[in-house]
file upload-v9.csv (CSV, C-alpha atoms)
chain,number,residue,atom,x,y,z
A,1018,MET,CA,-8.7,-16.1,-10.2
A,1019,LEU,CA,-5.6,-14.5,-8.9
A,1020,ALA,CA,-7.6,-12.8,-6.3
A,1021,VAL,CA,-9.0,-16.1,-5.0
A,1022,LEU,CA,-5.5,-17.5,-4.8
A,1023,GLN,CA,-4.4,-14.6,-2.7
A,1024,LEU,CA,-7.3,-15.1,-0.3
A,1025,LEU,CA,-6.4,-18.8,0.0
A,1026,ALA,CA,-2.8,-17.8,0.7
A,1027,ASP,CA,-3.9,-15.5,3.4
A,1028,CYS,CA,-6.0,-18.2,5.0
A,1029,LEU,CA,-3.1,-20.6,4.8
A,1030,THR,CA,-0.9,-18.1,6.6
A,1031,ILE,CA,-3.5,-17.7,9.4
A,1032,VAL,CA,-3.8,-21.5,9.8
A,1033,VAL,CA,0.0,-22.0,9.8
A,1034,ALA,CA,0.3,-19.2,12.3
A,1035,ALA,CA,-2.2,-20.9,14.6
A,1036,GLN,CA,-0.3,-24.2,14.3
A,1037,LEU,CA,3.1,-22.8,15.0
A,1038,GLY,CA,2.2,-20.2,17.6
A,1039,ASN,CA,5.1,-18.1,18.8
A,1040,LYS,CA,7.4,-20.0,16.5
A,1041,PHE,CA,5.7,-18.1,13.7
A,1042,THR,CA,7.8,-15.0,14.2
A,1043,GLY,CA,7.7,-11.9,12.0
A,1044,GLU,CA,10.8,-13.2,10.1
A,1045,VAL,CA,9.1,-16.6,9.5
A,1046,GLN,CA,5.9,-14.9,8.4
A,1047,ALA,CA,7.9,-12.8,5.9
A,1048,ALA,CA,9.6,-15.8,4.4
A,1049,PHE,CA,6.3,-17.8,4.3
A,1050,GLN,CA,4.4,-14.9,2.7
A,1051,LYS,CA,7.2,-14.3,0.1
A,1052,PHE,CA,7.0,-18.0,-0.8
A,1053,LEU,CA,3.2,-17.9,-1.2
A,1054,ALA,CA,3.4,-14.7,-3.2
A,1055,VAL,CA,5.7,-16.3,-5.7
A,1056,VAL,CA,3.4,-19.4,-5.9
A,1057,VAL,CA,0.3,-17.2,-6.4
A,1058,SER,CA,2.1,-15.1,-9.0
A,1059,SER,CA,3.4,-18.1,-10.9
A,1060,LEU,CA,0.0,-19.8,-10.9
A,1061,GLY,CA,-1.6,-16.6,-12.2
A,1062,ARG,CA,0.7,-15.7,-15.0
A,1063,HIS,CA,0.8,-16.7,-18.6
A,1064,HIS,CA,3.8,-14.7,-19.6
A,1065,LYS,CA,7.1,-13.8,-17.9
A,1066,MET,CA,6.9,-10.4,-16.4
A,1067,VAL,CA,9.8,-8.7,-18.2
A,1068,GLU,CA,9.6,-10.2,-21.6
A,1069,TRP,CA,8.4,-7.6,-24.1
A,1070,THR,CA,6.6,-8.3,-27.4
A,1071,ASP,CA,7.5,-6.2,-30.4
A,1072,PHE,CA,4.1,-4.5,-30.1
A,1073,GLU,CA,4.9,-3.6,-26.5
A,1074,ARG,CA,8.3,-2.2,-27.2
A,1075,ASP,CA,7.1,-0.2,-30.1
A,1076,THR,CA,4.1,1.1,-28.2
A,1077,ILE,CA,6.2,2.3,-25.2
A,1078,GLN,CA,8.8,3.9,-27.5
A,1079,ASP,CA,6.0,5.5,-29.5
A,1080,ILE,CA,4.1,6.9,-26.5
A,1081,PHE,CA,7.2,8.4,-25.0
A,1082,SER,CA,8.4,9.9,-28.3
A,1083,ARG,CA,5.0,11.6,-28.7
A,1084,ILE,CA,4.1,13.0,-25.3
A,1085,GLU,CA,5.5,16.3,-24.0
A,1086,TYR,CA,7.3,15.6,-20.8
A,1087,ASP,CA,6.7,19.0,-19.4
A,1088,VAL,CA,3.0,18.7,-20.0
A,1089,VAL,CA,2.2,15.1,-19.1
A,1090,GLY,CA,4.6,15.0,-16.1
A,1091,PRO,CA,3.1,18.1,-14.3
A,1092,ALA,CA,-0.4,17.0,-15.2
A,1093,ALA,CA,0.1,13.5,-13.8
A,1094,LEU,CA,1.7,14.7,-10.5
A,1095,ALA,CA,-0.9,17.4,-10.1
A,1096,ARG,CA,-3.7,14.9,-10.6
A,1097,CYS,CA,-2.2,12.6,-8.1
A,1098,LEU,CA,-2.0,15.3,-5.5
A,1099,VAL,CA,-5.7,16.2,-6.1
A,1100,VAL,CA,-7.1,12.7,-6.5
A,1101,TYR,CA,-5.1,11.1,-3.7
A,1102,PRO,CA,-4.6,14.1,-1.3
A,1103,TRP,CA,-2.6,12.1,1.2
A,1104,THR,CA,0.2,12.0,-1.2
A,1105,GLN,CA,0.7,15.7,-0.4
A,1106,ARG,CA,2.5,14.5,2.7
A,1107,TYR,CA,5.7,14.3,0.7
A,1108,PHE,CA,5.6,17.8,-0.6
A,1109,GLY,CA,5.4,19.9,2.5
A,1110,GLY,CA,8.1,22.2,1.1
A,1111,PHE,CA,6.2,22.9,-2.1
A,1112,GLY,CA,4.1,25.8,-0.9
A,1113,ASN,CA,0.5,26.2,-1.9
A,1114,LEU,CA,-1.3,22.9,-2.5
A,1115,TYR,CA,-4.6,24.2,-1.1
A,1116,ASN,CA,-6.8,23.2,-4.0
A,1117,ALA,CA,-6.8,21.8,-7.6
A,1118,ALA,CA,-6.1,25.3,-9.1
A,1119,ALA,CA,-3.3,26.0,-6.7
A,1120,ILE,CA,-1.7,22.6,-7.4
A,1121,LYS,CA,-2.0,23.0,-11.1
A,1122,GLY,CA,-0.3,26.4,-11.0
A,1123,ASN,CA,2.4,25.4,-8.6
A,1124,PRO,CA,5.8,25.8,-10.3
A,1125,MET,CA,7.5,23.3,-7.9
A,1126,VAL,CA,4.8,20.7,-8.8
A,1127,SER,CA,5.4,21.3,-12.5
A,1128,LYS,CA,9.1,21.0,-12.2
A,1129,HIS,CA,8.9,17.8,-10.2
A,1130,GLY,CA,6.4,16.3,-12.6
A,1131,THR,CA,8.8,16.9,-15.5
A,1132,THR,CA,11.7,15.4,-13.4
A,1133,ILE,CA,9.6,12.3,-12.9
A,1134,LEU,CA,9.0,11.9,-16.6
A,1135,HIS,CA,12.6,12.2,-17.4
A,1136,GLY,CA,13.2,9.6,-14.7
A,1137,LEU,CA,10.8,7.3,-16.6
A,1138,GLU,CA,12.7,7.8,-19.8
A,1139,ARG,CA,15.6,5.8,-18.3
A,1140,ALA,CA,13.3,2.8,-18.1
A,1141,VAL,CA,12.1,3.5,-21.7
A,1142,LYS,CA,15.7,3.4,-22.9
A,1143,ASN,CA,16.6,0.3,-20.8
A,1144,MET,CA,13.4,-1.8,-21.1
A,1145,ASP,CA,15.3,-5.1,-20.7
A,1146,ASP,CA,16.9,-4.1,-17.4
A,1147,ILE,CA,14.6,-1.8,-15.6
A,1148,LYS,CA,15.2,-3.6,-12.3
A,1149,ASN,CA,18.9,-2.6,-12.2
A,1150,THR,CA,18.3,0.8,-13.8
A,1151,TYR,CA,16.3,1.8,-10.8
A,1152,THR,CA,18.3,0.3,-8.0
A,1153,GLU,CA,19.7,3.7,-6.8
A,1154,LEU,CA,16.4,5.5,-7.2
A,1155,SER,CA,14.7,2.8,-5.2
A,1156,VAL,CA,17.2,3.2,-2.4
A,1157,LEU,CA,16.8,7.0,-2.6
A,1158,HIS,CA,13.0,6.7,-2.3
A,1159,SER,CA,13.2,4.3,0.6
A,1160,GLU,CA,16.1,5.5,2.7
A,1161,LYS,CA,16.2,9.2,2.1
A,1162,LEU,CA,12.7,10.2,1.0
A,1163,HIS,CA,10.8,7.6,3.0
A,1164,VAL,CA,8.1,7.3,0.3
A,1165,ASP,CA,5.5,4.5,0.8
A,1166,PRO,CA,5.8,2.6,-2.4
A,1167,ASP,CA,2.1,2.3,-2.7
A,1168,ASN,CA,2.3,5.9,-4.0
A,1169,PHE,CA,4.2,4.7,-7.1
A,1170,LYS,CA,1.0,2.8,-8.0
A,1171,LEU,CA,-1.1,5.9,-7.5
A,1172,LEU,CA,1.1,8.0,-9.6
A,1173,ALA,CA,1.2,5.3,-12.3
A,1174,ASP,CA,-2.6,5.3,-12.4
A,1175,CYS,CA,-2.7,9.1,-12.8
A,1176,LEU,CA,-0.1,8.9,-15.6
A,1177,THR,CA,-2.2,6.3,-17.4
A,1178,ILE,CA,-5.2,8.6,-17.2
A,1179,VAL,CA,-3.3,11.7,-18.4
A,1180,VAL,CA,-1.7,9.7,-21.3
A,1181,ALA,CA,-5.2,8.3,-22.2
A,1182,ALA,CA,-6.5,11.9,-22.4
A,1183,GLN,CA,-3.6,12.9,-24.6
A,1184,LEU,CA,-3.8,10.0,-27.0
A,1185,GLY,CA,-7.6,9.7,-27.1
A,1186,ASN,CA,-8.9,6.8,-29.3
A,1187,GLU,CA,-5.3,5.8,-30.1
A,1188,PHE,CA,-5.1,4.7,-26.5
A,1189,THR,CA,-6.7,1.4,-27.3
A,1190,GLY,CA,-7.0,-1.5,-24.8
A,1191,GLU,CA,-3.9,-3.1,-26.3
A,1192,VAL,CA,-1.9,0.1,-25.9
A,1193,GLN,CA,-3.2,0.6,-22.4
A,1194,ALA,CA,-2.2,-3.0,-21.5
A,1195,ALA,CA,1.4,-2.4,-22.8
A,1196,PHE,CA,1.6,0.9,-21.0
A,1197,GLN,CA,0.4,-0.5,-17.7
A,1198,LYS,CA,2.7,-3.5,-18.0
A,1199,PHE,CA,5.6,-1.1,-18.4
A,1200,LEU,CA,4.5,1.0,-15.5
A,1201,ALA,CA,4.0,-2.1,-13.3
A,1202,VAL,CA,7.6,-3.1,-14.0
A,1203,VAL,CA,8.8,0.4,-13.1
A,1204,VAL,CA,6.7,0.5,-9.9
A,1205,SER,CA,8.0,-3.0,-8.9
A,1206,SER,CA,11.6,-2.0,-9.5
A,1207,LEU,CA,11.2,1.2,-7.5
A,1208,GLY,CA,9.9,-0.8,-4.6
A,1209,ARG,CA,12.6,-3.5,-4.6
A,1210,GLN,CA,15.1,-1.9,-2.4
A,1211,TYR,CA,12.8,-1.3,0.6
A,1212,HIS,CA,14.2,-3.4,3.4
B,29,MET,CA,-18.9,-5.6,1.6
B,30,THR,CA,-18.7,-3.9,5.0
B,31,THR,CA,-22.2,-4.1,6.5
B,32,LEU,CA,-21.7,-5.8,9.8
B,33,THR,CA,-24.6,-8.2,10.7
B,34,ALA,CA,-25.9,-8.5,14.2
B,35,LYS,CA,-24.0,-11.8,14.4
B,36,ASP,CA,-20.8,-10.1,13.3
B,37,LYS,CA,-21.1,-7.5,16.0
B,38,GLN,CA,-21.9,-10.1,18.6
B,39,THR,CA,-19.0,-12.3,17.5
B,40,VAL,CA,-16.6,-9.4,17.5
B,41,LYS,CA,-17.7,-8.1,21.0
B,42,ALA,CA,-17.5,-11.6,22.5
B,43,PHE,CA,-14.1,-12.3,21.0
B,44,TRP,CA,-12.8,-8.9,22.1
B,45,ALA,CA,-14.0,-9.5,25.6
B,46,LYS,CA,-11.9,-12.7,25.7
B,47,VAL,CA,-8.7,-11.1,24.2
B,48,SER,CA,-8.8,-7.4,25.2
B,49,GLY,CA,-6.8,-8.2,28.4
B,50,LYS,CA,-3.8,-8.9,26.1
B,51,SER,CA,-4.5,-5.9,23.8
B,52,GLU,CA,-1.1,-4.3,24.4
B,53,ASP,CA,0.7,-7.5,23.5
B,54,ILE,CA,-1.5,-8.0,20.5
B,55,GLY,CA,-0.8,-4.5,19.2
B,56,ALA,CA,2.9,-4.7,19.8
B,57,ALA,CA,3.1,-8.0,18.0
B,58,ALA,CA,1.0,-6.8,15.1
B,59,VAL,CA,3.1,-3.6,14.6
B,60,ALA,CA,6.3,-5.6,15.0
B,61,ARG,CA,5.2,-8.1,12.3
B,62,MET,CA,4.1,-5.3,10.0
B,63,LEU,CA,7.5,-3.7,10.2
B,64,VAL,CA,9.3,-7.0,9.5
B,65,VAL,CA,7.0,-8.5,6.8
B,66,TYR,CA,6.1,-5.2,5.1
B,67,PRO,CA,9.3,-3.1,5.4
B,68,GLN,CA,7.9,-0.3,3.3
B,69,THR,CA,5.7,0.6,6.3
B,70,LYS,CA,8.8,1.8,8.0
B,71,THR,CA,8.6,4.8,5.8
B,72,TYR,CA,6.0,6.2,8.2
B,73,PHE,CA,8.3,5.9,11.2
B,74,SER,CA,11.5,7.6,10.0
B,75,HIS,CA,11.1,9.9,13.0
B,76,TRP,CA,11.7,7.0,15.4
B,77,GLN,CA,15.3,6.7,16.6
B,78,ASP,CA,14.9,3.0,16.9
B,79,GLN,CA,12.8,1.5,14.0
B,80,SER,CA,13.4,-2.1,15.1
B,81,PRO,CA,10.2,-4.1,15.5
B,82,ASN,CA,10.5,-4.5,19.3
B,83,SER,CA,11.6,-1.0,20.1
B,84,PRO,CA,9.8,0.9,22.9
B,85,ALA,CA,8.4,3.2,20.2
B,86,ALA,CA,7.0,0.3,18.2
B,87,ARG,CA,5.5,-1.3,21.3
B,88,LYS,CA,3.9,2.0,22.3
B,89,HIS,CA,2.5,2.4,18.8
B,90,GLY,CA,1.0,-1.1,19.0
B,91,LYS,CA,-0.7,-0.1,22.2
B,92,THR,CA,-2.1,3.0,20.7
B,93,VAL,CA,-3.4,1.2,17.7
B,94,MET,CA,-5.1,-1.5,19.7
B,95,MET,CA,-6.7,1.1,22.0
B,96,GLY,CA,-8.2,2.5,18.9
B,97,VAL,CA,-9.4,-0.9,17.8
B,98,GLY,CA,-10.9,-1.5,21.3
B,99,ASP,CA,-12.6,1.9,21.1
B,100,ALA,CA,-14.0,1.0,17.7
B,101,VAL,CA,-15.6,-2.1,19.2
B,102,THR,CA,-17.6,0.1,21.5
B,103,LYS,CA,-18.6,2.2,18.6
B,104,ILE,CA,-19.4,-0.8,16.3
B,105,ASP,CA,-22.9,0.5,15.6
B,106,ASP,CA,-21.7,3.7,14.0
B,107,LEU,CA,-18.1,3.5,13.1
B,108,LYS,CA,-18.2,6.4,10.7
B,109,GLU,CA,-19.4,8.8,13.3
B,110,GLY,CA,-17.5,7.2,16.2
B,111,LEU,CA,-14.2,7.3,14.4
B,112,LYS,CA,-14.7,10.8,12.9
B,113,GLU,CA,-11.8,12.4,14.8
B,114,LEU,CA,-9.4,9.6,14.2
B,115,SER,CA,-10.3,9.8,10.6
B,116,GLU,CA,-9.5,13.5,10.5
B,117,LEU,CA,-6.2,12.8,12.3
B,118,HIS,CA,-5.2,10.2,9.7
B,119,ALA,CA,-6.5,12.3,6.8
B,120,PHE,CA,-4.9,15.6,7.6
B,121,THR,CA,-2.0,15.0,9.9
B,122,LEU,CA,-0.7,11.4,9.5
B,123,ARG,CA,-1.8,11.0,5.9
B,124,VAL,CA,-1.1,7.3,5.9
B,125,ASP,CA,-1.8,5.7,2.6
B,126,PRO,CA,-5.0,3.7,3.1
B,127,ALA,CA,-3.5,0.6,1.6
B,128,ASN,CA,-1.7,0.2,4.8
B,129,PHE,CA,-4.9,-0.3,6.8
B,130,LYS,CA,-5.3,-3.6,5.0
B,131,ILE,CA,-1.7,-4.5,5.8
B,132,LEU,CA,-2.0,-3.8,9.6
B,133,SER,CA,-5.4,-5.6,9.7
B,134,HIS,CA,-3.9,-8.7,8.2
B,135,ASN,CA,-1.2,-8.7,10.8
B,136,ILE,CA,-3.7,-8.2,13.6
B,137,LEU,CA,-5.4,-11.4,12.3
B,138,VAL,CA,-2.2,-13.3,12.1
B,139,VAL,CA,-1.4,-12.3,15.7
B,140,MET,CA,-4.9,-13.5,16.8
B,141,ALA,CA,-4.1,-16.9,15.2
B,142,VAL,CA,-0.8,-17.1,17.0
B,143,MET,CA,-2.1,-16.1,20.4
B,144,PHE,CA,-5.6,-17.6,20.4
B,145,PRO,CA,-5.5,-20.6,18.0
B,146,THR,CA,-8.6,-22.3,19.4
B,147,ASP,CA,-10.7,-19.2,19.9
B,148,PHE,CA,-9.9,-17.7,16.5
B,149,THR,CA,-12.1,-20.0,14.5
B,150,PRO,CA,-13.1,-19.3,10.9
B,151,ASP,CA,-16.4,-17.8,12.1
B,152,VAL,CA,-14.6,-15.4,14.4
B,153,HIS,CA,-12.1,-14.7,11.6
B,154,VAL,CA,-14.7,-13.7,9.1
B,155,SER,CA,-16.4,-11.3,11.5
B,156,LEU,CA,-13.2,-9.8,12.7
B,157,ASP,CA,-12.0,-9.4,9.1
B,158,LYS,CA,-15.2,-7.6,8.2
B,159,PHE,CA,-14.9,-5.5,11.3
B,160,LEU,CA,-11.3,-4.4,10.6
B,161,ALA,CA,-12.3,-3.6,7.0
B,162,ALA,CA,-15.2,-1.5,8.3
B,163,VAL,CA,-12.8,0.3,10.7
B,164,SER,CA,-10.4,0.9,7.8
B,165,LEU,CA,-13.2,2.4,5.7
B,166,ALA,CA,-14.3,4.6,8.6
B,167,LEU,CA,-10.7,5.8,9.1
B,168,ALA,CA,-10.4,6.7,5.4
B,169,GLU,CA,-13.7,8.5,5.4
B,170,LYS,CA,-12.2,12.0,5.8
B,171,TYR,CA,-9.4,11.5,3.3
B,172,ARG,CA,-11.2,13.0,0.3
call {"tool": "encode", "arguments": {"input": "upload-v9.csv", "output": "structure tokens"}}
result
Amino acid sequence: MLAVLQLLADCLTIVVAAQLGNKFTGEVQAAFQKFLAVVVSSLGRHHKMVEWTDFERDTIQDIFSRIEYDVVGPAALARCLVVYPWTQRYFGGFGNLYNAAAIKGNPMVSKHGTTILHGLERAVKNMDDIKNTYTELSVLHSEKLHVDPDNFKLLADCLTIVVAAQLGNEFTGEVQAAFQKFLAVVVSSLGRQYH
Amino acid sequence: MTTLTAKDKQTVKAFWAKVSGKSEDIGAAAVARMLVVYPQTKTYFSHWQDQSPNSPAARKHGKTVMMGVGDAVTKIDDLKEGLKELSELHAFTLRVDPANFKILSHNILVVMAVMFPTDFTPDVHVSLDKFLAAVSLALAEKYR
């Protein structure tokens, strides 16, 4: 349903653009699309994004207390570099990323994977204020590292896969939903300071 | 989703014939819009001294992109083969996250609406949207 709303929003944008012509500047387009995005999101949601149920809180705390950061982090980053090879663009200084085996054995990849998990821990400890927790990191990724924020989604997906492999059947649909909601908030916060 | 019918191809070619004279302006406007409306796309242009939407670098890039689109129109019968080299460029050198192809395509459509409100009918829109999606797919072909 949400997808249909987005398509309708896109068509509305096109029609308004045709109506307004050159008055529909980039800045006007940005404002209009932001407005429509909020409308679409509000129409599609049944809960407020950053309210956590007890189950969700417990699940996130539980997952992060059980996983080994220096196993899961490196595995997730390595997987991302293999599955989405264009992400390697950000790791030119990491040496040999030639194939999956090289990526898996690369010490810089491992170290960075662990760093990422420790970074996630900050959100785990501040679940009610993830947005502000990541303001500086968002600025860093935008202004210094120039990372396309779509990559955060890709890494989040890989992390989900790795955690699923770790937890097996305990990674139920409900647990997955909580984990993905958490990662979605993280991804959104990391993308907020891109201007 | 991306099989272009004979009607799609005809529609795209006819519309392109009408608008290609303005292709530089279209490209510049689309890239400018992209940089403003989707500021995260600026991450790919950190090497530009001037990242503002109407900078000479941005205009030049718009021209380059639209030349690629125009070239794709001539190769509409086999985009995968026709865009092979461009795909390799994007896959191995530029490594643009493919999500951005959708973003730029959207902005090309918006510019068409702004510049050609009467010609950019829903029928033209659907064929052009399918075409740009097919081009995006062909560009991503060599990624993995």
call {"tool": "residues_around", "arguments": {"input": "upload-v9.csv", "residues": "region 156-163 of chain B", "least_positions_apart": "5", "cutoff": "8 Å", "atoms": "only C-alpha atoms", "output": "PDB file with C-alpha atoms, keeping the file's coordinate frame"}}
result
ATOM      1  CA  MET B  29     -18.900  -5.600   1.600  1.00  0.00           C
ATOM      2  CA  THR B  30     -18.700  -3.900   5.000  1.00  0.00           C
ATOM      3  CA  THR B  31     -22.200  -4.100   6.500  1.00  0.00           C
ATOM      4  CA  LEU B  32     -21.700  -5.800   9.800  1.00  0.00           C
ATOM      5  CA  ASP B  36     -20.800 -10.100  13.300  1.00  0.00           C
ATOM      6  CA  THR B  39     -19.000 -12.300  17.500  1.00  0.00           C
ATOM      7  CA  VAL B  40     -16.600  -9.400  17.500  1.00  0.00           C
ATOM      8  CA  VAL B  97      -9.400  -0.900  17.800  1.00  0.00           C
ATOM      9  CA  ALA B 100     -14.000   1.000  17.700  1.00  0.00           C
ATOM     10  CA  LEU B 107     -18.100   3.500  13.100  1.00  0.00           C
ATOM     11  CA  LYS B 130      -5.300  -3.600   5.000  1.00  0.00           C
ATOM     12  CA  SER B 133      -5.400  -5.600   9.700  1.00  0.00           C
ATOM     13  CA  LEU B 137      -5.400 -11.400  12.300  1.00  0.00           C
TER      14      LEU B 137
END
call {"tool": "residues_around", "arguments": {"input": "upload-v9.csv", "residues": "Leu167 (chain B)", "least_positions_apart": "5", "cutoff": "7 Å", "atoms": "all atoms listed in the file", "output": "PyMOL selection string"}}
result
chain B and resi 111+114-115
call {"tool": "write_last_selection", "arguments": {"input": "upload-v9.csv", "atoms": "C-alpha atoms", "output": "PDB file, in the coordinates of the input"}}
result
ATOM      1  CA  LEU B 111     -14.200   7.300  14.400  1.00  0.00           C
ATOM      2  CA  LEU B 114      -9.400   9.600  14.200  1.00  0.00           C
ATOM      3  CA  SER B 115     -10.300   9.800  10.600  1.00  0.00           C
TER       4      SER B 115
END
call {"tool": "interface_residues", "arguments": {"input": "upload-v9.csv", "of": "chain B", "to": "chain A", "cutoff": "10 Å", "atoms": "all atoms listed in the file", "output": "PyMOL selection string"}}
result
chain B and resi 57-74+81+118-128+134-135+137-146+148-150+153+171-172
call {"tool": "atom_distance", "arguments": {"input": "upload-v9.csv", "atom1": "CA of Val1067 (chain A)", "atom2": "CA of Tyr1151 (chain A)"}}
result
14.4 Å
call {"tool": "residues_around", "arguments": {"input": "upload-v9.csv", "residues": "Lys50 (chain B)", "least_positions_apart": "5", "cutoff": "10 Å", "atoms": "only C-alpha atoms", "output": "list in words"}}
result
Trp44, Gly55, Met94 and Met143 of chain B
call {"tool": "atom_distance", "arguments": {"input": "upload-v9.csv", "atom1": "CA of Ala85 (chain B)", "atom2": "CA of Leu1157 (chain A)"}}
result
24.6 Å
call {"tool": "atom_distance", "arguments": {"input": "upload-v9.csv", "atom1": "CA of Phe1072 (chain A)", "atom2": "CA of Arg1096 (chain A)"}}
result
28.6 Å
call {"tool": "residues_around", "arguments": {"input": "upload-v9.csv", "residues": "region 1144-1150 of chain A", "least_positions_apart": "3", "cutoff": "12 Å", "atoms": "only C-alpha atoms", "output": "ChimeraX atom specification"}}
result
/A:1066-1071,1073-1075,1077-1078,1136-1141,1153-1156,1198-1210
call {"tool": "residues_around", "arguments": {"input": "upload-v9.csv", "residues": "Phe43 (chain B)", "least_positions_apart": "4", "cutoff": "8 Å", "atoms": "all atoms listed in the file", "output": "VMD selection string"}}
result
chain B and resid 39 47 147 152
call {"tool": "closest_residue", "arguments": {"input": "upload-v9.csv", "among": "B:Asp151, B:Lys41, B:Ala56, B:Ala34", "to": "Lys91 (chain B)", "atoms": "all atoms listed in the file"}}
result
B:Ala56
call {"tool": "closest_residue", "arguments": {"input": "upload-v9.csv", "among": "B:Gln77, B:Gln38, B:Ser48, B:Asn82", "to": "Ile104 (chain B)", "atoms": "all atoms listed in the file"}}
result
B:Gln38
call {"tool": "closest_residue", "arguments": {"input": "upload-v9.csv", "among": "A:Leu1029, A:Ile1133, A:Ala1195, A:Leu1022", "to": "Val1088 (chain A)", "atoms": "all atoms listed in the file"}}
result
A:Ile1133
call {"tool": "closest_residue", "arguments": {"input": "upload-v9.csv", "among": "B:Ser155, B:Ala42, B:Ser80, B:Ser164", "to": "Gly96 (chain B)", "atoms": "all atoms listed in the file"}}
result
B:Ser164
call {"tool": "closest_residue", "arguments": {"input": "upload-v9.csv", "among": "B:Lys35, B:Trp76, B:Leu117, B:Met95", "to": "Ser51 (chain B)", "atoms": "only C-alpha atoms"}}
result
B:Met95
